[in-house]
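Student: Handing you this structure, nothing more for now.
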Amino acid sequence: MDCCLSPQEQLLQDQIAGNENKFRTDKCHVRAFKILDRIQNLTPKVDIERGKLFTESMMETEGQPLVLRWAKALRNIAENMSVYIDDDQLLVGRSGCQGRYGTLYPELDGDFLDQAVRELSDRDVSPFTIDPADADIIINEIAPYWKGKTYHENLARALPEETLPLTYDPENTMISRFIVNETSSFRSSLQWVHDFEKVLKRGFGGIRDEAQASLDELDPFSPIDNVEKKPFLEAVVMVCNAIILWANRHAALAGQMAAKESDPVRKAELERIAETCAHVPEHPARNFYEAMQSQWFTQMFSRIEQKTGTIISNGRMDQYLYPYYETDLAAGTITEDDAIELFECMWVAMAQFIDLYLSPTGGAFNEGYAHWEAVTVGGQTADGRDATNDLTYLLLRSKREFPLHYPDLAARVHTRSPRRYLWELAETIKEGSGFPKLMNDEEIIPLHLSKGASFEEIYDYAASGCAEVRMPNRDTYTSGCAYINYAAALEMTLYGGRMEKYGDEIIGLDTGDPTKFTDWEQFWDTYLAQQLNFIKHAFIQQQIVINLRPKHFAVPMASAMHDLCMASCTDLHEPKIEGGIDLGYFECIGYGTVVDSLAAIKKLVFEEKKLTLAEIIGALKVNFEGKEDIQAMLRNAPAYGNNDPYADSIAKAIDLESLKFTEKYSKELGVHLDLRLVPFTSHVPFGKVISATPNGRLAYSALSDGSSASHGADVNGPTAVLLSNFASKNYDYRERAARLLNIKLTPNCVADDEGTEKLISFIKTFVDLKLWHIQFNIINQDTLMAAQKEPDNYRNLIVRIAGYSAYFCDLSKDLQDDLIARTGHASI
């Protein structure tokens with residue numbers, strides 16, 4: 001083992017040696033550790049209550065407006081779902097059974113639900129257990145109702161003949177091709193952030209009363225009011241009453257438990273829980289404890305309402321909770337330790353909800369029980385001042401001291417971020433579990449201003465999902481968007497529209513034999529034709545998605561919390577909401593892989609003429625077996641991530657052609673469909689359909705991730721990676737969105753105060769270059785190798801994946817290998 005360990009690595013070595021975590025006995029952490037010890041590393045269980053109750057209600061309401069049906073289903077769940085209060089917990093409310101659990105969403109998975117449940121126990125990655133009796137209910141009662149009714153089935157039927165084979169296997173639309181991949185069928189919404197502050201200040205009772213007043217003012221003779229507005233407002237009233245009822249059931253249970261409790265301390269806690277749940281979320285929160293409980297009820301009922309991509313994020317908790325904390329602290333009714341204890345009660349409750357993906361494609365995108373319930377800290381106030389406060393630092397302290405990868409933590413940075421804040425960010429990053437990811441105000445704010453946001457709105461943005469952001473009450477776009485395998489475009493350039501994985505089937509454009517090309521421009525133009533063909537079909541897909549989704553999904557609760565939805569009486573999933581900004585995307589997967597491959601071909605074939613294209617294709621077809629000399633030449637060609645203008649200019653050209661397409665055609669969709677480089681873990685399954693590539697990558701291995709360099713290609717240090725990211729962007733276009741950047745450092749290069757200063761300087765460079773996102777793994781290669789060989793000793797090793805952190809041992813071998821293969825920079 002290396003001589004310099006990160007704090008996380010040292011903690012793991014102490015545990016292996018039988019020594020206790022020094023923070024376990026701290027008063028603020030004791031309660032959370034007790035809960036964590038009971039649930040950590042349990043295999044999650046599928047809870048069917050939500051799915052069963054939702055289905056029963058939908059059976060009874062066919063023919064009614066969808067938003068009203070959804071509200072009635074949520075009311076049925078609120079009335080009948082089991083409620084629990086866990087031992088030692090101070091915050092209550094679950095969307096499933098006790099322990100670690102996943103929730104069923106048959107409205108998404110109904111067409112293959114029975115098959116998925118039969119195969120669930122055999123899954124190698126992210127396994128779940130299910131009670132045999134519950135499996136029978138799914139197979140015999142729930143699944144049959146949804147067969148033929150699901151969004152996925154209707155989407156597959158609606159895709160044009162030329163688009164279908166790029167999306168699914170035409171013989172079995174359950175199987176994704178991972179070429180132009182739709183993501184709207186394994187989630188009912190993109191990632192989202194609610195306006196939690198609205199609930200804390202007004203309560204759901206206040207929101208209900210607003211809806212009721214609007215309902216009372218409708219024109220009884222108006223067809224629009226009767227057909228469109230009335231069902232929406234009735235649904236809002238109904239769903240507000242449902243969550244209030246759900247909270248009151250917890251209040252009643254807490255009162256019953258308190259009456260039977262013999263321990264006076266726990267009895268008092270239960271009595272306070274009962275009092276709190278009877279007040280919030282119906283009414284405004286009166287103190288920090290009530291604000292925390294109200295927020296928790298809101299986010300948990302959101303998970304009951306729908307399956308969002310990457311789970312509902314938590315917004316700017318250090319901002320909307322701070323007034324309650326500040327008031328209670330001044331009154332002497334709370335201490336810093338009390339606040340940390342409440343936060344960590346929330347964190348361990350979050351850790352028990354596991355985002356269940358029954359879809360094979362969804363599971364491939366989200367390995368290791370992926371989760372993105374992002375808490376955002378830092379940034380700026382609505383008038384452009386620095387926003388850090390005491391809660392900011394408290395949240396960072398909790399992340400350093402409590403070894404859990406919940407919640408995901410995002411930190412906003414800008415050119416005026418205080419030194420103390422930057423220091424504590426660096427110290428938290430050095431802890432080694434991948435937190436926090438950094439979001440750059442200097443890139444994000446100007447881009448959103450250019451797309452119509454006001455300063456006040458974008459100053460208040462929150463991280464949402466992997467590397468995205470949301471503006472509560474202004475963002476209105478929820479449709480899942482396409483992931484495009486740019487490496488497949490390269491492969492089809494080499495094989496005339498074919499892919500080795502799919503045999504002689506012509507899937508892309510039949511562009512002929514590339515070995516007959518006489519210059520680089522011919523090859524480049526042919527590659528661009530394949531790339532643009534993919535983007536064309538992604539946009540065709542998206543047009544169908546936008547119009548089809550509102551027929552299948554509604555969100556009365558999320559709509560109730562959105563000012564624009566309430567003003568127009570429009571469900572959030574409708575294609576257009578008056579006054580909103582619709583920010584979508586299309587994803588580039590395999591960016592570094594393609595750039596390096598094209599650079600190698602340009603350099604070695606058309607300029608230096610050291611190889612022919614036929615020689616390269618011959619080596620690719622045998623996966624470089626016996627052709628290691630050619631593989632070595634390809635790997636030594638110019639590569640993205642090294643601040644090399646040769647490779648970076650190709651990266652910029654790929655970026656530019658994508659931007660030009662969406663600048664021209666996204667207007668037709670009525671959406672800012674911007675270029676994004678945020679793969680989650682999809683670069684692994686997308687790589688599994690791509691044969692060997694001209695950058696020396698072996699067949700069916702992972703592609704490069706996000707805007708990061710190819711594995712091992714970044715040899716000039718991490719600052720060169722930043723500079724390549726800068727050089728490859730077209731800053732004169734606004735049609736761009738998030739770029740996810742992974743950086744892996746050894747603990748030794750950031751050791752001690754000197755290392756902290758280096759890391760702060762690196763962060764400042766990231767800010768100055770106006771890059772969107774960056775995240776770090778601070779870990780030794782030996783640790784990853786040891787964890788792969790001896791998983792039982794490293795069950796609690798947390799690593800950064802793609803916008804989220806997870807236990808290394810929960811990942812597939814492929815994704816573990818992907819992490820190990822990333823360059824570990826030994827200096828900054």
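In the structure tokens, chains take the letters A, B, ... in the order shown, each chain's residues start at 1, and ligands count up from 1 in the order shown.
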If we count only C-alpha atoms, what is near segment 738-754 of chain A at a cut-off of 6 Å, once residues fewer than 2 positions away on the same chain are taken out, given as a PyMOL selection string?
Tutor: chain A and resi 4-6+676-678+706-708+756-757+772-780+824-827
Student: Could you give me the residues within segment 298-547 of chain A that DSSP places in strand (DSSP E), as a ChimeraX atom specification?
Tutor: /A:312-313,375-378,409-413,437-440,462-464,468-470,483-485
Student: Identify which of the residues A:Ile760, A:Val671, A:Leu113, A:Cys3 lies closest to Glu424 of chain A, counting only C-alpha atoms when measuring atom-to-atom distances.
Tutor: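 Under the stated criterion, the closest residue is A:Ile760.
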Student: How would you write, as a ChimeraX atom specification, the set of residues in segment 345-452 of chain A that DSSP gives as alpha helix (DSSP H)?
Tutor: /A:345-350,360-365,390-401,419-430,441-450
Student: Store the residues picked out above, limited to N, CA and C atoms, as a tab-separated table (two decimals), in the first residue's frame.
Tutor:
chain	number	residue	atom	x	y	z
A	345	CYS	N	-29.53	12.29	9.98
A	345	CYS	CA	-30.76	11.47	9.99
A	345	CYS	C	-31.36	11.44	8.59
A	346	MET	N	-31.32	12.58	7.90
A	346	MET	CA	-31.82	12.63	6.54
A	346	MET	C	-30.92	11.81	5.60
A	347	TRP	N	-29.61	11.92	5.77
A	347	TRP	CA	-28.70	11.20	4.87
A	347	TRP	C	-28.90	9.68	4.97
A	348	VAL	N	-29.01	9.15	6.19
A	348	VAL	CA	-29.17	7.69	6.31
A	348	VAL	C	-30.56	7.24	5.85
A	349	ALA	N	-31.54	8.13	5.94
A	349	ALA	CA	-32.86	7.80	5.38
A	349	ALA	C	-32.79	7.79	3.85
A	350	MET	N	-32.08	8.75	3.27
A	350	MET	CA	-31.88	8.75	1.82
A	350	MET	C	-31.21	7.46	1.35
A	360	PRO	N	-33.39	-3.07	-18.58
A	360	PRO	CA	-31.97	-3.40	-18.79
A	360	PRO	C	-31.15	-2.18	-19.22
A	361	THR	N	-31.74	-1.35	-20.06
A	361	THR	CA	-31.03	-0.15	-20.51
A	361	THR	C	-30.84	0.83	-19.37
A	362	GLY	N	-31.90	1.06	-18.59
A	362	GLY	CA	-31.78	1.95	-17.44
A	362	GLY	C	-30.75	1.46	-16.45
A	363	GLY	N	-30.72	0.16	-16.21
A	363	GLY	CA	-29.73	-0.41	-15.30
A	363	GLY	C	-28.32	-0.22	-15.79
A	364	ALA	N	-28.11	-0.35	-17.10
A	364	ALA	CA	-26.78	-0.18	-17.68
A	364	ALA	C	-26.30	1.26	-17.55
A	365	PHE	N	-27.23	2.21	-17.57
A	365	PHE	CA	-26.88	3.63	-17.44
A	365	PHE	C	-26.54	4.00	-16.00
A	390	ASP	N	-22.95	29.77	7.41
A	390	ASP	CA	-22.55	28.76	8.38
A	390	ASP	C	-23.06	27.37	8.02
A	391	LEU	N	-24.24	27.29	7.41
A	391	LEU	CA	-24.75	25.97	7.02
A	391	LEU	C	-23.92	25.36	5.88
A	392	THR	N	-23.38	26.21	5.01
A	392	THR	CA	-22.50	25.71	3.96
A	392	THR	C	-21.37	24.89	4.57
A	393	TYR	N	-20.73	25.47	5.57
A	393	TYR	CA	-19.59	24.81	6.19
A	393	TYR	C	-20.00	23.61	7.03
A	394	LEU	N	-21.20	23.68	7.60
A	394	LEU	CA	-21.70	22.55	8.38
A	394	LEU	C	-21.94	21.34	7.48
A	395	LEU	N	-22.48	21.59	6.30
A	395	LEU	CA	-22.74	20.50	5.35
A	395	LEU	C	-21.43	19.89	4.84
A	396	LEU	N	-20.43	20.71	4.61
A	396	LEU	CA	-19.12	20.20	4.21
A	396	LEU	C	-18.49	19.38	5.33
A	397	ARG	N	-18.64	19.85	6.56
A	397	ARG	CA	-18.09	19.10	7.70
A	397	ARG	C	-18.74	17.73	7.82
A	398	SER	N	-20.06	17.68	7.66
A	398	SER	CA	-20.76	16.39	7.74
A	398	SER	C	-20.24	15.43	6.69
A	399	LYS	N	-20.00	15.94	5.49
A	399	LYS	CA	-19.52	15.07	4.41
A	399	LYS	C	-18.13	14.52	4.72
A	400	ARG	N	-17.29	15.31	5.38
A	400	ARG	CA	-15.95	14.83	5.72
A	400	ARG	C	-15.96	13.81	6.85
A	401	GLU	N	-16.90	13.98	7.78
A	401	GLU	CA	-16.83	13.18	9.01
A	401	GLU	C	-17.72	11.94	9.00
A	419	ARG	N	-11.89	32.51	0.40
A	419	ARG	CA	-10.76	31.60	0.59
A	419	ARG	C	-11.12	30.47	1.55
A	420	ARG	N	-11.83	30.80	2.64
A	420	ARG	CA	-12.19	29.73	3.58
A	420	ARG	C	-13.01	28.65	2.87
A	421	TYR	N	-13.94	29.08	2.03
A	421	TYR	CA	-14.80	28.15	1.29
A	421	TYR	C	-13.96	27.26	0.37
A	422	LEU	N	-13.05	27.86	-0.39
A	422	LEU	CA	-12.20	27.08	-1.29
A	422	LEU	C	-11.33	26.12	-0.51
A	423	TRP	N	-10.83	26.56	0.64
A	423	TRP	CA	-10.00	25.69	1.48
A	423	TRP	C	-10.82	24.48	1.95
A	424	GLU	N	-12.01	24.72	2.42
A	424	GLU	CA	-12.82	23.61	2.93
A	424	GLU	C	-13.31	22.70	1.79
A	425	LEU	N	-13.55	23.28	0.62
A	425	LEU	CA	-13.85	22.42	-0.53
A	425	LEU	C	-12.68	21.50	-0.82
A	426	ALA	N	-11.47	22.06	-0.86
A	426	ALA	CA	-10.27	21.26	-1.14
A	426	ALA	C	-10.07	20.18	-0.08
A	427	GLU	N	-10.26	20.53	1.17
A	427	GLU	CA	-10.09	19.54	2.24
A	427	GLU	C	-11.15	18.43	2.14
A	428	THR	N	-12.35	18.78	1.74
A	428	THR	CA	-13.41	17.78	1.58
A	428	THR	C	-13.12	16.88	0.38
A	429	ILE	N	-12.65	17.47	-0.71
A	429	ILE	CA	-12.26	16.67	-1.88
A	429	ILE	C	-11.13	15.71	-1.50
A	430	LYS	N	-10.16	16.18	-0.73
A	430	LYS	CA	-9.02	15.36	-0.32
A	430	LYS	C	-9.44	14.16	0.53
A	441	ASP	N	-20.08	28.78	-11.76
A	441	ASP	CA	-20.98	29.90	-12.05
A	441	ASP	C	-20.53	30.70	-13.26
A	442	GLU	N	-19.22	30.77	-13.49
A	442	GLU	CA	-18.70	31.62	-14.56
A	442	GLU	C	-19.03	31.07	-15.95
A	443	GLU	N	-19.39	29.81	-16.05
A	443	GLU	CA	-19.86	29.22	-17.31
A	443	GLU	C	-21.38	29.12	-17.33
A	444	ILE	N	-21.94	28.65	-16.24
A	444	ILE	CA	-23.36	28.31	-16.20
A	444	ILE	C	-24.25	29.55	-16.26
A	445	ILE	N	-23.89	30.59	-15.53
A	445	ILE	CA	-24.76	31.78	-15.47
A	445	ILE	C	-24.83	32.51	-16.82
A	446	PRO	N	-23.71	32.82	-17.47
A	446	PRO	CA	-23.84	33.51	-18.77
A	446	PRO	C	-24.60	32.69	-19.82
A	447	LEU	N	-24.38	31.37	-19.83
A	447	LEU	CA	-25.08	30.54	-20.81
A	447	LEU	C	-26.59	30.62	-20.62
A	448	HIS	N	-27.04	30.57	-19.39
A	448	HIS	CA	-28.49	30.62	-19.13
A	448	HIS	C	-29.07	32.01	-19.38
A	449	LEU	N	-28.28	33.04	-19.12
A	449	LEU	CA	-28.74	34.38	-19.47
A	449	LEU	C	-28.98	34.48	-20.97
A	450	SER	N	-28.10	33.84	-21.75
A	450	SER	CA	-28.25	33.89	-23.21
A	450	SER	C	-29.48	33.14	-23.70
Student: Please determine, counting only C-alpha atoms, which residue among A:Asp338, A:Glu228, A:Glu431, A:Asp705 has the shortest atom-to-atom distance to Ile798 of chain A.
Tutor: A:Glu431
Student: Can you tell me which residues surround Gly641 of chain A at a distance of at most 8 Å, considering only C-alpha atoms, apart from same-chain residues fewer than 6 positions away, and format the answer as a PyMOL selection string?
Tutor: chain A and resi 648+708-710+713-716+720-725
Student: Okay, now the selection with N, CA, C and O atoms, as a short mmCIF file (atom, residue, chain, number, x, y, z; two decimals), in the first residue's frame?
Tutor:
data_model
loop_
_atom_site.label_atom_id
_atom_site.label_comp_id
_atom_site.auth_asym_id
_atom_site.auth_seq_id
_atom_site.Cartn_x
_atom_site.Cartn_y
_atom_site.Cartn_z
N ASP A 648 -6.82 18.66 -30.12
CA ASP A 648 -7.88 19.53 -29.61
C ASP A 648 -8.64 20.23 -30.73
O ASP A 648 -9.84 20.53 -30.60
N SER A 708 -13.75 13.86 -20.46
CA SER A 708 -12.47 13.40 -19.96
C SER A 708 -11.66 12.80 -21.10
O SER A 708 -12.18 12.44 -22.16
N ALA A 709 -10.35 12.67 -20.87
CA ALA A 709 -9.48 12.05 -21.86
C ALA A 709 -9.73 10.54 -21.91
O ALA A 709 -10.30 9.95 -20.99
N SER A 710 -9.28 9.92 -23.00
CA SER A 710 -9.33 8.45 -23.07
C SER A 710 -8.43 7.86 -21.98
O SER A 710 -7.49 8.50 -21.51
N ALA A 713 -4.57 8.24 -21.78
CA ALA A 713 -4.06 9.08 -22.87
C ALA A 713 -3.56 10.43 -22.37
O ALA A 713 -2.76 11.09 -23.05
N ASP A 714 -4.02 10.88 -21.22
CA ASP A 714 -3.65 12.20 -20.70
C ASP A 714 -2.34 12.08 -19.91
O ASP A 714 -2.34 11.79 -18.73
N VAL A 715 -1.25 12.35 -20.60
CA VAL A 715 0.08 12.11 -20.02
C VAL A 715 0.79 13.40 -19.62
O VAL A 715 1.91 13.34 -19.11
N ASN A 716 0.16 14.54 -19.83
CA ASN A 716 0.83 15.83 -19.55
C ASN A 716 0.30 16.51 -18.30
O ASN A 716 0.50 17.71 -18.11
N ALA A 720 -3.28 20.15 -18.18
CA ALA A 720 -3.41 19.96 -19.63
C ALA A 720 -4.80 19.45 -19.99
O ALA A 720 -5.34 19.79 -21.05
N VAL A 721 -5.40 18.64 -19.12
CA VAL A 721 -6.76 18.16 -19.36
C VAL A 721 -7.73 19.34 -19.35
O VAL A 721 -8.62 19.45 -20.21
N LEU A 722 -7.56 20.25 -18.38
CA LEU A 722 -8.40 21.44 -18.34
C LEU A 722 -8.24 22.27 -19.61
O LEU A 722 -9.22 22.74 -20.20
N LEU A 723 -7.00 22.45 -20.04
CA LEU A 723 -6.74 23.29 -21.22
C LEU A 723 -7.30 22.66 -22.49
O LEU A 723 -7.78 23.38 -23.38
N SER A 724 -7.26 21.33 -22.60
CA SER A 724 -7.88 20.68 -23.75
C SER A 724 -9.39 20.87 -23.73
O SER A 724 -10.02 21.07 -24.79
N ASN A 725 -9.99 20.81 -22.55
CA ASN A 725 -11.42 21.07 -22.45
C ASN A 725 -11.75 22.48 -22.91
O ASN A 725 -12.71 22.71 -23.65
#
Student: Skip Ser57 of chain A itself and residues of its chain fewer than 5 positions away, then list as a list in words all residues within 10 Å of it, counting only C-alpha atoms.
Tutor: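 Once the adjacent positions are removed, what remains is Lys52, Glu62, Arg69, Trp70, Ala71, Lys72, Ala73, Leu74, Arg75, Asn76 and Ile77 of chain A.
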Student: Any idea what's packed within 6 Å of segment 120-133 of chain A, counting only C-alpha atoms, ignoring anything in its chain fewer than 3 positions away? Could you give it as a list in words?
Tutor: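 Skipping anything fewer than 3 positions along the chain leaves Pro44, Lys45, Val46, Ala116, Val117, Asp136, Gly368, Tyr369 and Ser812 of chain A.
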Student: Would you write out those residues with C-alpha atoms, as a short mmCIF file (atom, residue, chain, number, x, y, z; two decimals), in the first residue's frame?
Tutor:
data_model
loop_
_atom_site.label_atom_id
_atom_site.label_comp_id
_atom_site.auth_asym_id
_atom_site.auth_seq_id
_atom_site.Cartn_x
_atom_site.Cartn_y
_atom_site.Cartn_z
CA PRO A 44 -32.23 -3.89 -1.30
CA LYS A 45 -35.73 -5.33 -1.42
CA VAL A 46 -38.42 -4.52 -4.00
CA ALA A 116 -37.82 -8.46 -15.20
CA VAL A 117 -39.12 -9.74 -11.85
CA ASP A 136 -46.71 -13.37 -7.87
CA GLY A 368 -23.82 0.62 -8.47
CA TYR A 369 -27.22 1.76 -7.15
CA SER A 812 -19.50 -4.34 -12.26
#
